[in-house]
$ cat upload.pdb   # PDB, C-alpha atoms
ATOM      1  CA  MET A 273     -22.274  20.653   7.763
ATOM      2  CA  LYS A 274     -18.847  22.320   7.957
ATOM      3  CA  ILE A 275     -18.282  20.867  11.451
ATOM      4  CA  SER A 276     -19.174  17.334  10.375
ATOM      5  CA  ILE A 277     -16.895  17.637   7.341
ATOM      6  CA  LYS A 278     -14.079  18.829   9.613
ATOM      7  CA  TYR A 279     -14.356  15.774  11.851
ATOM      8  CA  PHE A 280     -14.753  13.403   8.899
ATOM      9  CA  LEU A 281     -11.615  14.941   7.385
ATOM     10  CA  LEU A 282      -9.697  14.309  10.608
ATOM     11  CA  ILE A 283     -10.770  10.649  10.642
ATOM     12  CA  PHE A 284      -9.855  10.385   6.954
ATOM     13  CA  VAL A 285      -6.352  11.715   7.672
ATOM     14  CA  LEU A 286      -5.775   9.391  10.628
ATOM     15  CA  LEU A 287      -6.977   6.279   8.771
ATOM     16  CA  THR A 288      -4.966   7.193   5.683
ATOM     17  CA  SER A 289      -1.895   7.715   7.845
ATOM     18  CA  ALA A 290      -2.372   4.333   9.508
ATOM     19  CA  ALA A 291      -2.836   2.594   6.175
ATOM     20  CA  CYS A 292       0.375   4.111   4.826
ATOM     21  CA  SER A 293       2.432   3.392   7.922
ATOM     22  CA  LEU A 294       3.877   0.122   6.673
ATOM     23  CA  PRO A 295       6.112  -0.001   3.609
ATOM     24  CA  PHE A 296       4.923  -3.435   2.566
ATOM     25  CA  LEU A 297       1.778  -1.137   1.269
ATOM     26  CA  ALA A 298      -3.010   0.605   0.268
ATOM     27  CA  GLY A 299      -7.802  -0.071  -2.845
ATOM     28  CA  ASP A 300     -11.539  -0.042  -3.811
ATOM     29  CA  SER A 301     -14.087  -1.214  -1.221
ATOM     30  CA  SER A 302     -16.510  -2.109  -3.982
ATOM     31  CA  ASP A 303     -16.402  -5.574  -5.439
ATOM     32  CA  PRO A 304     -13.758  -5.685  -8.160
ATOM     33  CA  GLU A 305     -14.714  -6.607 -11.676
ATOM     34  CA  PRO A 306     -13.727 -10.193 -12.397
ATOM     35  CA  ALA A 307     -10.497 -10.377 -14.294
ATOM     36  CA  GLU A 308     -10.618 -11.811 -17.752
ATOM     37  CA  GLU A 309      -9.178 -15.267 -17.876
ATOM     38  CA  SER A 310      -5.810 -15.132 -19.548
ATOM     39  CA  THR A 311      -4.832 -17.744 -22.065
ATOM     40  CA  MET A 312      -1.211 -16.637 -22.077
ATOM     41  CA  GLU A 313       1.197 -18.925 -20.300
ATOM     42  CA  MET A 314       3.375 -17.184 -17.729
ATOM     43  CA  PRO A 315       7.074 -17.415 -18.591
ATOM     44  CA  THR A 316       9.321 -19.314 -16.224
ATOM     45  CA  LEU A 317      11.473 -16.787 -14.409
ATOM     46  CA  ALA A 318      15.157 -17.502 -13.964
ATOM     47  CA  LEU A 319      15.944 -17.219 -10.268
ATOM     48  CA  PRO A 320      19.494 -16.227  -9.287
ATOM     49  CA  THR A 321      21.927 -19.014  -8.512
ATOM     50  CA  PRO A 322      23.192 -19.462  -4.933
ATOM     51  CA  ASP A 323      26.509 -17.880  -5.935
ATOM     52  CA  GLU A 324      24.673 -14.708  -7.007
ATOM     53  CA  VAL A 325      22.754 -14.288  -3.745
ATOM     54  CA  ALA A 326      24.207 -12.765  -0.582
ATOM     55  CA  GLU A 327      24.230 -14.788   2.619
ATOM     56  CA  GLY A 328      20.943 -14.436   4.471
ATOM     57  CA  VAL A 329      18.904 -13.756   1.311
ATOM     58  CA  ASP A 330      16.261 -16.150  -0.018
ATOM     59  CA  SER A 331      16.770 -16.473  -3.796
ATOM     60  CA  CYS A 332      12.998 -16.898  -4.284
ATOM     61  CA  LEU A 333      12.456 -13.318  -3.118
ATOM     62  CA  VAL A 334      14.920 -11.715  -5.499
ATOM     63  CA  GLY A 335      13.224  -9.716  -8.251
ATOM     64  CA  VAL A 336      10.603  -7.052  -8.888
ATOM     65  CA  TRP A 337       7.186  -7.513  -7.269
ATOM     66  CA  THR A 338       3.942  -5.591  -7.860
ATOM     67  CA  MET A 339       0.948  -4.993  -5.596
ATOM     68  CA  ASP A 340      -1.981  -3.896  -7.782
ATOM     69  CA  THR A 341      -5.038  -1.861  -6.793
ATOM     70  CA  TYR A 342      -7.057  -4.929  -5.816
ATOM     71  CA  ALA A 343      -4.326  -6.231  -3.497
ATOM     72  CA  LEU A 344      -3.762  -2.751  -2.081
ATOM     73  CA  ASN A 345      -7.477  -2.516  -1.343
ATOM     74  CA  ASN A 346      -7.403  -5.797   0.563
ATOM     75  CA  LYS A 347      -4.560  -4.475   2.694
ATOM     76  CA  PHE A 348      -6.315  -1.127   3.191
ATOM     77  CA  LEU A 349      -9.505  -2.819   4.397
ATOM     78  CA  ASP A 350      -7.500  -5.002   6.796
ATOM     79  CA  LEU A 351      -5.879  -1.873   8.225
ATOM     80  CA  THR A 352      -8.877   0.440   8.459
ATOM     81  CA  HIS A 353     -11.998  -1.814   8.462
ATOM     82  CA  SER A 354     -13.695   1.186   6.866
ATOM     83  CA  PRO A 355     -16.820   0.667   4.715
ATOM     84  CA  VAL A 356     -16.464   4.087   3.052
ATOM     85  CA  MET A 357     -12.743   4.367   2.255
ATOM     86  CA  PHE A 358     -10.876   2.790  -0.645
ATOM     87  CA  ILE A 359      -8.083   3.432  -3.153
ATOM     88  CA  VAL A 360      -8.834   3.876  -6.829
ATOM     89  CA  THR A 361      -6.880   2.952  -9.926
ATOM     90  CA  PRO A 362      -4.217   3.408 -11.125
ATOM     91  CA  SER A 363      -2.819   2.831  -7.621
ATOM     92  CA  ALA A 364       0.037   0.314  -7.498
ATOM     93  CA  MET A 365       3.218  -0.428  -5.554
ATOM     94  CA  ILE A 366       6.482  -1.834  -6.909
ATOM     95  CA  MET A 367       9.048  -3.590  -4.698
ATOM     96  CA  ASP A 368      12.523  -4.581  -5.894
ATOM     97  CA  LEU A 369      14.246  -7.154  -3.663
ATOM     98  CA  ARG A 370      17.870  -7.396  -4.714
ATOM     99  CA  ALA A 371      20.327 -10.277  -4.530
ATOM    100  CA  GLU A 372      22.844  -8.381  -2.394
ATOM    101  CA  GLY A 373      20.259  -7.800   0.344
ATOM    102  CA  SER A 374      18.887  -4.331  -0.372
ATOM    103  CA  TYR A 375      15.331  -3.385  -1.283
ATOM    104  CA  VAL A 376      13.582  -0.441  -2.926
ATOM    105  CA  ILE A 377       9.826   0.214  -2.851
ATOM    106  CA  ASN A 378       7.833   2.924  -4.593
ATOM    107  CA  GLY A 379       4.404   3.601  -6.031
ATOM    108  CA  GLU A 380       1.325   5.778  -6.279
ATOM    109  CA  THR A 381      -1.893   5.572  -4.293
ATOM    110  CA  ILE A 382      -5.171   7.489  -4.493
ATOM    111  CA  VAL A 383      -7.296   7.169  -1.352
ATOM    112  CA  ARG A 384     -10.969   8.067  -1.671
ATOM    113  CA  ALA A 385     -13.468   8.442   1.180
ATOM    114  CA  ASP A 386     -17.203   8.607   0.566
ATOM    115  CA  ILE A 387     -19.137  10.838   2.951
ATOM    116  CA  PRO A 388     -22.047   8.783   4.376
ATOM    117  CA  ASP A 389     -25.617   9.499   3.278
ATOM    118  CA  SER A 390     -24.512  11.647   0.351
ATOM    119  CA  SER A 391     -22.779  11.553  -3.023
ATOM    120  CA  ASP A 392     -19.951  13.687  -1.607
ATOM    121  CA  TYR A 393     -16.403  12.437  -1.203
ATOM    122  CA  MET A 394     -12.793  13.339  -0.474
ATOM    123  CA  GLN A 395      -9.804  12.043  -2.400
ATOM    124  CA  LEU A 396      -6.069  12.209  -1.714
ATOM    125  CA  SER A 397      -3.131  11.203  -3.923
ATOM    126  CA  ALA A 398       0.303  10.215  -2.650
ATOM    127  CA  THR A 399       3.694   9.101  -3.962
ATOM    128  CA  HIS A 400       5.493   6.472  -1.861
ATOM    129  CA  SER A 401       9.216   5.698  -1.754
ATOM    130  CA  GLY A 402      11.410   3.659   0.537
ATOM    131  CA  GLU A 403      14.593   1.642   0.745
ATOM    132  CA  GLY A 404      16.679  -0.383   3.144
ATOM    133  CA  ARG A 405      18.189  -3.797   3.792
ATOM    134  CA  TYR A 406      16.459  -7.145   4.213
ATOM    135  CA  SER A 407      17.265 -10.720   5.171
ATOM    136  CA  ALA A 408      15.177 -13.876   4.844
ATOM    137  CA  ASP A 409      15.439 -17.523   5.809
ATOM    138  CA  GLY A 410      12.601 -19.096   3.788
ATOM    139  CA  SER A 411       9.792 -18.120   6.167
ATOM    140  CA  SER A 412      10.816 -14.984   8.119
ATOM    141  CA  LEU A 413      11.644 -11.643   6.532
ATOM    142  CA  SER A 414      13.480  -8.935   8.473
ATOM    143  CA  LEU A 415      14.075  -5.300   7.506
ATOM    144  CA  SER A 416      16.824  -2.980   8.676
ATOM    145  CA  ASP A 417      18.197   0.497   7.914
ATOM    146  CA  SER A 418      14.801   1.305   6.406
ATOM    147  CA  THR A 419      13.634   4.723   5.310
ATOM    148  CA  TYR A 420      10.143   5.386   4.009
ATOM    149  CA  ALA A 421       8.422   8.571   2.916
ATOM    150  CA  VAL A 422       5.100   9.625   1.460
ATOM    151  CA  ASP A 423       4.756  12.773  -0.612
ATOM    152  CA  PHE A 424       1.083  13.693  -0.386
ATOM    153  CA  GLY A 425      -0.367  15.436  -3.410
ATOM    154  CA  THR A 426      -3.619  17.261  -3.903
ATOM    155  CA  MET A 427      -6.642  16.679  -1.706
ATOM    156  CA  THR A 428      -9.890  16.954  -3.648
ATOM    157  CA  ILE A 429     -13.165  17.578  -1.813
ATOM    158  CA  TYR A 430     -16.474  17.249  -3.636
ATOM    159  CA  ILE A 431     -19.338  18.733  -1.613
ATOM    160  CA  ASP A 432     -22.850  19.603  -2.832
ATOM    161  CA  GLY A 433     -21.830  19.504  -6.476
ATOM    162  CA  GLU A 434     -18.793  21.727  -5.983
ATOM    163  CA  THR A 435     -15.167  20.598  -6.152
ATOM    164  CA  SER A 436     -12.331  22.218  -4.259
ATOM    165  CA  GLU A 437      -8.655  21.292  -4.118
ATOM    166  CA  GLY A 438      -5.852  22.078  -1.730
ATOM    167  CA  PRO A 439      -2.427  20.827  -0.581
ATOM    168  CA  PHE A 440      -2.475  18.053   1.991
ATOM    169  CA  SER A 441       0.552  19.669   3.700
ATOM    170  CA  ALA A 442      -1.858  22.020   5.446
ATOM    171  CA  ILE A 443      -2.900  19.141   7.751
ATOM    172  CA  PRO A 444      -0.428  18.089  10.494
ATOM    173  CA  LEU A 445       0.518  14.392  10.755
ATOM    174  CA  PRO A 446       1.732  12.371  13.757
ATOM    175  CA  GLU A 447       5.497  12.022  14.166
ATOM    176  CA  ASP A 448       7.134   8.806  12.903
ATOM    177  CA  PHE A 449       3.866   7.424  11.542
ATOM    178  CA  MET A 450       5.793   5.879   8.631
ATOM    179  CA  SER A 451       7.683   3.322  10.762
ATOM    180  CA  PRO A 452       7.986  -0.031   8.918
ATOM    181  CA  PRO A 453       7.490  -3.436  10.558
ATOM    182  CA  SER A 454      10.896  -4.838  11.421
ATOM    183  CA  ALA A 455       9.846  -8.480  10.933
ATOM    184  CA  THR A 456       7.253 -10.374   8.900
ATOM    185  CA  THR A 457       6.571 -13.902   7.725
ATOM    186  CA  TYR A 458       6.199 -14.800   4.070
ATOM    187  CA  VAL A 459       5.344 -17.512   1.562
ATOM    188  CA  CYS A 460       7.158 -17.233  -1.772
ATOM    189  CA  SER A 461       6.694 -19.021  -5.094
ATOM    190  CA  THR A 462       7.803 -18.225  -8.630
ATOM    191  CA  ASN A 463       5.106 -15.613  -9.323
ATOM    192  CA  SER A 464       3.488 -15.014  -5.910
ATOM    193  CA  LEU A 465       4.630 -13.524  -2.615
ATOM    194  CA  LEU A 466       2.428 -13.338   0.491
ATOM    195  CA  VAL A 467       3.799 -11.170   3.316
ATOM    196  CA  THR A 468       2.054 -11.394   6.706
ATOM    197  CA  TYR A 469       2.465  -9.284   9.832
ATOM    198  CA  VAL A 470       0.428  -7.941  12.756
ATOM    199  CA  GLY A 471      -1.177  -4.533  12.184
ATOM    200  CA  PRO A 472      -3.100  -2.221  14.501
ATOM    201  CA  SER A 473      -6.302  -4.255  14.038
ATOM    202  CA  GLY A 474      -4.936  -7.772  13.599
ATOM    203  CA  SER A 475      -3.158  -9.877  11.026
ATOM    204  CA  ILE A 476      -2.462  -8.361   7.594
ATOM    205  CA  THR A 477      -1.429 -10.265   4.464
ATOM    206  CA  GLU A 478      -0.032  -8.449   1.455
ATOM    207  CA  GLU A 479      -0.331 -10.057  -1.975
ATOM    208  CA  TRP A 480       2.545  -9.363  -4.373
ATOM    209  CA  ALA A 481       2.970 -10.783  -7.892
ATOM    210  CA  ARG A 482       5.555 -10.778 -10.691
TER     211      ARG A 482
END

$ encode --input "upload.pdb" --output "structure tokens"
Amino acid sequence: MKISIKYFLLIFVLLTSAACSLPFLAGDSSDPEPAEESTMEMPTLALPTPDEVAEGVDSCLVGVWTMDTYALNNKFLDLTHSPVMFIVTPSAMIMDLRAEGSYVINGETIVRADIPDSSDYMQLSATHSGEGRYSADGSSLSLSDSTYAVDFGTMTIYIDGETSEGPFSAIPLPEDFMSPPSATTYVCSTNSLLVTYVGPSGSITEEWAR
């Protein structure tokens, strides 16, 4: 059992690393509960005027965007194609695209992996932060001078009714696995932003909202 857990842990680390390798970020493989229909009308956001936006910046992008657990899960499944791995609430990412052409991204994720044919699982928390420059022309989004880091928290392992915890830092990670995509395509509207790029296993679309 210890050997199988060791190899499952290695796969868990590699898939988690891959899923976190792109700053335009990871959710629950189970079907989400349907959201309650809101009767509140969304306010009309005031986009910056052309004079307030730097050259090479799309004014539609400017503002604070959120990727919730459901959207993170969709991205995670696109990246890993894993039937046993997901991220649980309250995972979320926040991205601030600024009028002068800089961006900041940060958030918290909790990746959980169920061990097949059992009720056992492993769970890992992480804090994400990144920043850099961006430019956009209405359909293409390019990043530059980007830095991105993940501070992994506690890894929890639940095996045979017993829970153990330990620092994730004890497990080595590949070098430069946090490299961001330098170019993506996007579709932007007042309250929705879809960012698309090619990942290790095919096309990935991130769903952001504000």

$ closest_residue --input "upload.pdb" --among "A:Asp389, A:Asp330, A:Glu437, A:Asp432" --to "A:Arg370" --atoms "only C-alpha atoms"
A:Asp330

$ resolve_selection --input "upload.pdb" --expression "the PyMOL selection byres ((chain A and resi 420) around 6)" --output "compact mmCIF listing (two decimals) with C-alpha atoms, in the coordinates of the input"
# COMPACT_ATOMS: atom_id res chain seq x y z
CA SER A 401 9.22 5.70 -1.75
CA GLY A 402 11.41 3.66 0.54
CA THR A 419 13.63 4.72 5.31
CA ALA A 421 8.42 8.57 2.92

$ resolve_selection --input "upload.pdb" --expression "the PyMOL selection byres ((chain A and resi 428) around 6)" --output "PyMOL selection string"
chain A and resi 394-395+427+429+436-437

$ residues_near_point --input "upload.pdb" --point "(-6.9, 5.8, -5.3)" --cutoff "6 Å" --atoms "all atoms listed in the file" --output "MDAnalysis selection string"
chainID A and resid 359:361 363 381:384

$ atom_distance --input "upload.pdb" --atom1 "atom CA of A:Leu396" --atom2 "atom CA of A:Thr456"
28.3 Å

$ resolve_selection --input "upload.pdb" --expression "the PyMOL selection byres ((chain A and resi 468) around 8)" --output "JSON, numbers by chain"
{"A": [456, 457, 458, 466, 467, 469, 470, 475, 476, 477, 478]}

$ closest_residue --input "upload.pdb" --among "A:Leu415, A:Gly404, A:Met357, A:Thr341" --to "A:Ile387" --atoms "only C-alpha atoms"
A:Met357

$ closest_residue --input "upload.pdb" --among "A:Ile377, A:Ala371, A:Cys460, A:Leu351" --to "A:Val325" --atoms "only C-alpha atoms"
A:Ala371

$ closest_residue --input "upload.pdb" --among "A:Asp423, A:Glu479, A:Asp392, A:Glu327" --to "A:Phe348" --atoms "all atoms listed in the file"
A:Glu479

$ atom_distance --input "upload.pdb" --atom1 "atom CA of A:Tyr342" --atom2 "atom CA of A:Ser412"
24.8 Å

$ atom_distance --input "upload.pdb" --atom1 "atom CA of A:Gly474" --atom2 "atom CA of A:Leu413"
18.4 Å

$ closest_residue --input "upload.pdb" --among "A:Leu333, A:Ala343, A:Ala326, A:Leu349" --to "A:Pro472" --atoms "all atoms listed in the file"
A:Leu349

$ closest_residue --input "upload.pdb" --among "A:Val459, A:Ala481, A:Met365, A:Leu344" --to "A:Asp409" --atoms "only C-alpha atoms"
A:Val459

$ residues_around --input "upload.pdb" --residues "A:Ala364" --least-positions-apart "3" --cutoff "6 Å" --atoms "only C-alpha atoms" --output "MDAnalysis selection string"
chainID A and resid 339:341 379:380

$ residues_around --input "upload.pdb" --residues "A:Val376" --least-positions-apart "4" --cutoff "6 Å" --atoms "all atoms listed in the file" --output "number ranges by chain"
A: 367-368, 402-403

$ build_atoms --input "upload.pdb" --residues "stretch 416-428 of chain A" --atoms "N, CA and C atoms" --output "compact mmCIF listing (two decimals), in the frame of the given file"
# COMPACT_ATOMS: atom_id res chain seq x y z
N SER A 416 15.93 -3.81 7.87
CA SER A 416 16.82 -2.98 8.68
C SER A 416 17.24 -1.77 7.86
N ASP A 417 17.73 -0.74 8.56
CA ASP A 417 18.20 0.50 7.91
C ASP A 417 17.15 1.04 6.95
N SER A 418 15.88 0.93 7.32
CA SER A 418 14.80 1.30 6.41
C SER A 418 14.46 2.79 6.51
N THR A 419 14.21 3.38 5.37
CA THR A 419 13.63 4.72 5.31
C THR A 419 12.39 4.64 4.43
N TYR A 420 11.38 5.41 4.79
CA TYR A 420 10.14 5.39 4.01
C TYR A 420 9.49 6.76 4.09
N ALA A 421 9.02 7.24 2.96
CA ALA A 421 8.42 8.57 2.92
C ALA A 421 7.22 8.57 1.99
N VAL A 422 6.27 9.43 2.31
CA VAL A 422 5.10 9.62 1.46
C VAL A 422 4.99 11.10 1.13
N ASP A 423 4.95 11.40 -0.15
CA ASP A 423 4.76 12.77 -0.61
C ASP A 423 3.29 12.92 -1.00
N PHE A 424 2.50 13.54 -0.12
CA PHE A 424 1.08 13.69 -0.39
C PHE A 424 0.86 14.78 -1.44
N GLY A 425 -0.05 14.50 -2.34
CA GLY A 425 -0.37 15.44 -3.41
C GLY A 425 -1.59 16.25 -3.07
N THR A 426 -2.44 16.42 -4.06
CA THR A 426 -3.62 17.26 -3.90
C THR A 426 -4.76 16.53 -3.21
N MET A 427 -5.41 17.21 -2.28
CA MET A 427 -6.64 16.68 -1.71
C MET A 427 -7.82 17.32 -2.43
N THR A 428 -8.69 16.49 -2.95
CA THR A 428 -9.89 16.95 -3.65
C THR A 428 -11.11 16.70 -2.78
